[in-house]
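**Q** Once you've had a glance at the structure underneath, I'll fire off some questions.
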Amino acid sequence: MHPRDILLGAQAAASMLPVCDHYSGVESRMRKSLQLQAEMSEEFSTCVFDVTLDCEDGAPVGGETEHAALVTELALSAPPGARVGVRVHPVDHPAFAADVAQIAGKAGARLSHIMIPKVESVDDVALAEKALLSAHPAGLPLHVLIESPAAVQRAFDIAAHPRVQSLSFGLMDFVSAHAGAIPAEGMGINGQFSHPLVLRAKLEIASAAHAFGKVPSHCVVTEFNDTEAMRMAAGRAAREFGYTRMWSIHPSQIRPILAAFAPDEAQIETAAAILLAAAQADWAPISFANALHDRASYRHFWYVLERAHATGRALPSEVARWF
């Protein structure tokens, strides 16, 4: 039997997504993002980041209809195997219904997900799902953006909705929603990892996502010219805050995110050795390096291999056959 069939039971994550979600909304940047995705997919032999085409911040005021048509055309023209999502307007925006009808109605079969911004409650998710299924009855995963203190408080209810695949933290709007109570530094590279209210929000969202097998996606780093800051933020998001995915807003941020979220060579070798020994023992408990392992730890090491594959890391030939 395949390790997925043996190890991924009721407590397993529902899905594995690329660790990077790259956003662009200007036409030239959207086209370049799709081209870069194709080039890096060839380089890594797998699609290592999603491209999310942005209607919320990308559409000029008064030009929402034209922008939705452009996004539809780009999604339809993406090459086979591309992972393309779309961020539509919030459910209370006048353009929301038209966005979904146009984009999901015409290009739903080519999309990997739809991102719903400014989700305040599970009722917003229900409204989004209703619009989605009306336009595209086959349905799509919904990714939701949590951007206010009230939404953070309801994160567990939102994560429980079966249509939701991923929860993202909207740092900038979250800080702004506090009416100056969080200083502007809370939106920066240092403040977002030190202000208590921001840290609490990050942990609540990650915890809610994991409670229901969903993917927590870490917020943006606006200092896109600071490569070291990007590496630090991505590394802390992955190691300390439980995030398994992160937003990119500039092409230069994609590779640092991949590197931060990928397991290193030693972790891959250990995971492969433990799982090969487990398979040899028909998945019964084993002793490895003077430590006991069973299916609980096997599941962890399987996720290490899945993350390695998703980030384009080389796998030992003995376990590569599982992918």
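Naming works like this for the structure tokens: A, B, ... for the chains as they're shown, residue 1 at the start of each chain, ligands 1 onward in shown order.
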Might you pull out every residue within 12 Å of Asp124 of chain A, with only C-alpha atoms counted and same-chain residues fewer than 2 positions away left off, and present them as a PyMOL selection string?
**A** chain A and resi 90-93+96+116-122+126-131+142+144-146+151+154+157-158+161+163-164
**Q** For Glu27 of chain A, find every residue with an atom within 10 Å (counting only C-alpha atoms), except residues of its own chain fewer than 4 positions away, and show them as number ranges by chain.
**A** A: 31-33, 53-54, 58-59, 67, 70-71, 74
**Q** So that I can see what lies close to segment 188-205 of chain A, please list as a PyMOL selection string the residues with an atom at most 9 Å from it, counting only C-alpha atoms and leaving out residues fewer than 4 positions away in the same chain.
**A** chain A and resi 146+149+152-153+155-156+159+167-169+171+174-175+182-184+209-210+216-219+221-223+229-230+232-233+236+241-243
**Q** What lies within 10 Å of Asp99 of chain A using only C-alpha atoms, ignoring chain neighbours under 4 positions off, as a ChimeraX atom specification?
**A** /A:55-56,64-65,67-69,71-72,86-90,94-95,103-105,131-132
**Q** Do a neighbour search on Gly312 of chain A at 6 Å with only C-alpha atoms, toss out local chain neighbours closer than 2 positions, and write the hits as a list of chain:residue names.
**A** A:Phe44, A:His309, A:Ala310
**Q** Quick one: residues within 9 Å of Val48 of chain A, only C-alpha atoms counted, chain neighbours fewer than 3 positions away excluded, as a list of chain:residue names?
**A**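 These residues fall inside the cut-off: A:Leu17, A:Pro18, A:Val19, A:Cys20, A:Gln37, A:Met40, A:Ser41, A:Phe44, A:Ser45, A:Leu258, A:Ala310, A:Thr311, A:Gly312.
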**Q** Any chance you can output those residues with N, CA, C and O atoms as a PDB file, in the first residue's frame?
**A**
```
ATOM      1  N   LEU A  17      -0.472  21.999  -0.507  1.00  0.00           N
ATOM      2  CA  LEU A  17      -0.418  23.041  -1.529  1.00  0.00           C
ATOM      3  C   LEU A  17       1.021  23.490  -1.719  1.00  0.00           C
ATOM      4  O   LEU A  17       1.860  23.330  -0.825  1.00  0.00           O
ATOM      5  N   PRO A  18       1.346  24.090  -2.869  1.00  0.00           N
ATOM      6  CA  PRO A  18       2.658  24.711  -3.007  1.00  0.00           C
ATOM      7  C   PRO A  18       2.903  25.686  -1.859  1.00  0.00           C
ATOM      8  O   PRO A  18       1.986  26.363  -1.392  1.00  0.00           O
ATOM      9  N   VAL A  19       4.155  25.784  -1.420  1.00  0.00           N
ATOM     10  CA  VAL A  19       4.446  26.581  -0.230  1.00  0.00           C
ATOM     11  C   VAL A  19       4.427  28.078  -0.502  1.00  0.00           C
ATOM     12  O   VAL A  19       4.416  28.876   0.441  1.00  0.00           O
ATOM     13  N   CYS A  20       4.412  28.477  -1.759  1.00  0.00           N
ATOM     14  CA  CYS A  20       4.413  29.901  -2.105  1.00  0.00           C
ATOM     15  C   CYS A  20       3.175  30.237  -2.922  1.00  0.00           C
ATOM     16  O   CYS A  20       2.823  29.513  -3.861  1.00  0.00           O
ATOM     17  N   GLN A  37       6.194  30.956 -13.565  1.00  0.00           N
ATOM     18  CA  GLN A  37       5.701  29.691 -13.022  1.00  0.00           C
ATOM     19  C   GLN A  37       6.020  28.537 -13.959  1.00  0.00           C
ATOM     20  O   GLN A  37       6.481  27.475 -13.526  1.00  0.00           O
ATOM     21  N   MET A  40       9.855  27.823 -13.826  1.00  0.00           N
ATOM     22  CA  MET A  40      10.299  27.169 -12.603  1.00  0.00           C
ATOM     23  C   MET A  40       9.702  25.781 -12.457  1.00  0.00           C
ATOM     24  O   MET A  40      10.312  24.886 -11.841  1.00  0.00           O
ATOM     25  N   SER A  41       8.526  25.551 -13.019  1.00  0.00           N
ATOM     26  CA  SER A  41       7.963  24.199 -13.027  1.00  0.00           C
ATOM     27  C   SER A  41       8.857  23.257 -13.824  1.00  0.00           C
ATOM     28  O   SER A  41       9.075  22.095 -13.443  1.00  0.00           O
ATOM     29  N   PHE A  44      12.139  22.656 -11.678  1.00  0.00           N
ATOM     30  CA  PHE A  44      11.998  21.804 -10.500  1.00  0.00           C
ATOM     31  C   PHE A  44      11.212  20.524 -10.756  1.00  0.00           C
ATOM     32  O   PHE A  44      11.038  19.710  -9.850  1.00  0.00           O
ATOM     33  N   SER A  45      10.703  20.358 -11.961  1.00  0.00           N
ATOM     34  CA  SER A  45       9.905  19.182 -12.336  1.00  0.00           C
ATOM     35  C   SER A  45       8.607  19.080 -11.543  1.00  0.00           C
ATOM     36  O   SER A  45       8.032  18.002 -11.420  1.00  0.00           O
ATOM     37  N   LEU A 258      10.656  29.322  -0.986  1.00  0.00           N
ATOM     38  CA  LEU A 258      10.878  27.907  -1.262  1.00  0.00           C
ATOM     39  C   LEU A 258      11.976  27.345  -0.368  1.00  0.00           C
ATOM     40  O   LEU A 258      11.841  26.257   0.209  1.00  0.00           O
ATOM     41  N   ALA A 310       7.225  18.893  -2.976  1.00  0.00           N
ATOM     42  CA  ALA A 310       6.492  20.090  -3.377  1.00  0.00           C
ATOM     43  C   ALA A 310       7.415  21.276  -3.612  1.00  0.00           C
ATOM     44  O   ALA A 310       7.057  22.206  -4.348  1.00  0.00           O
ATOM     45  N   THR A 311       8.588  21.268  -2.996  1.00  0.00           N
ATOM     46  CA  THR A 311       9.535  22.369  -3.168  1.00  0.00           C
ATOM     47  C   THR A 311      10.652  22.019  -4.143  1.00  0.00           C
ATOM     48  O   THR A 311      11.644  22.751  -4.244  1.00  0.00           O
ATOM     49  N   GLY A 312      10.507  20.910  -4.842  1.00  0.00           N
ATOM     50  CA  GLY A 312      11.451  20.558  -5.892  1.00  0.00           C
ATOM     51  C   GLY A 312      12.767  19.997  -5.404  1.00  0.00           C
ATOM     52  O   GLY A 312      13.744  19.952  -6.165  1.00  0.00           O
TER      53      GLY A 312
END
```
**Q** For Ala138 of chain A, list every protein, DNA or RNA residue within 10 Å, evaluated using only C-alpha atoms, and leave out those in the same chain fewer than 4 positions away; present the list as a PyMOL selection string.
**A** chain A and resi 108-109+132-134
**Q** Between A:Glu269, A:Glu66, A:Glu42, A:Asp123, which residue has the minimum interatomic distance to Glu318 of chain A, considering only C-alpha atoms?
**A** A:Glu269
**Q** Where in segment 19-245 of chain A does DSSP assign alpha helix (DSSP H), given as a PyMOL selection string?
**A** chain A and resi 27-44+64-77+96-107+122-135+149-153+155-160+171-176+196-211+227-239
**Q** So, counting only C-alpha atoms, which residue among A:Ala75, A:Ile274, A:Leu8, A:Ala82 is closest to Lys106 of chain A?
**A**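 For Lys106 of chain A, the nearest of the given residues is A:Ala75.
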**Q** Enumerate as a list of chain:residue names all residues of segment 96-241 of chain A assigned to strand (DSSP E or B) by DSSP on the backbone, naming them with the chain letters and numbers the document uses.
**A**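 Strand (DSSP E or B) assignments inside segment 96-241 of chain A correspond to A:His113, A:Ile114, A:Met115, A:Ile116, A:Leu142, A:His143, A:Val144, A:Leu145, A:Ile146, A:Val164, A:Gln165, A:Ser166, A:Leu167, A:Ser168, A:Phe169, A:Val215, A:Pro216, A:Ser217, A:His218.
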**Q** Return the single residue from A:Ala271, A:Ala38, A:Ala314, A:Ala177 that is closest to Ala150 of chain A, with distances computed using only C-alpha atoms.
**A** A:Ala177
**Q** So how many Å separate atom CA of Glu306 of chain A and atom CA of Ile254 of chain A, to one decimal?
**A**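 Atom CA of Glu306 of chain A sits 18.8 Å away from atom CA of Ile254 of chain A.
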**Q** If I take atom CA of Gln280 of chain A and atom CA of Tyr303 of chain A, how far is one from the other in Å, to one decimal?
**A**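 Between these atoms lies a distance of 18.9 Å.
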**Q** Which value, in Å to one decimal, gives the distance between atom CA of Ala135 of chain A and atom CA of Val84 of chain A?
**A** 17.6 Å
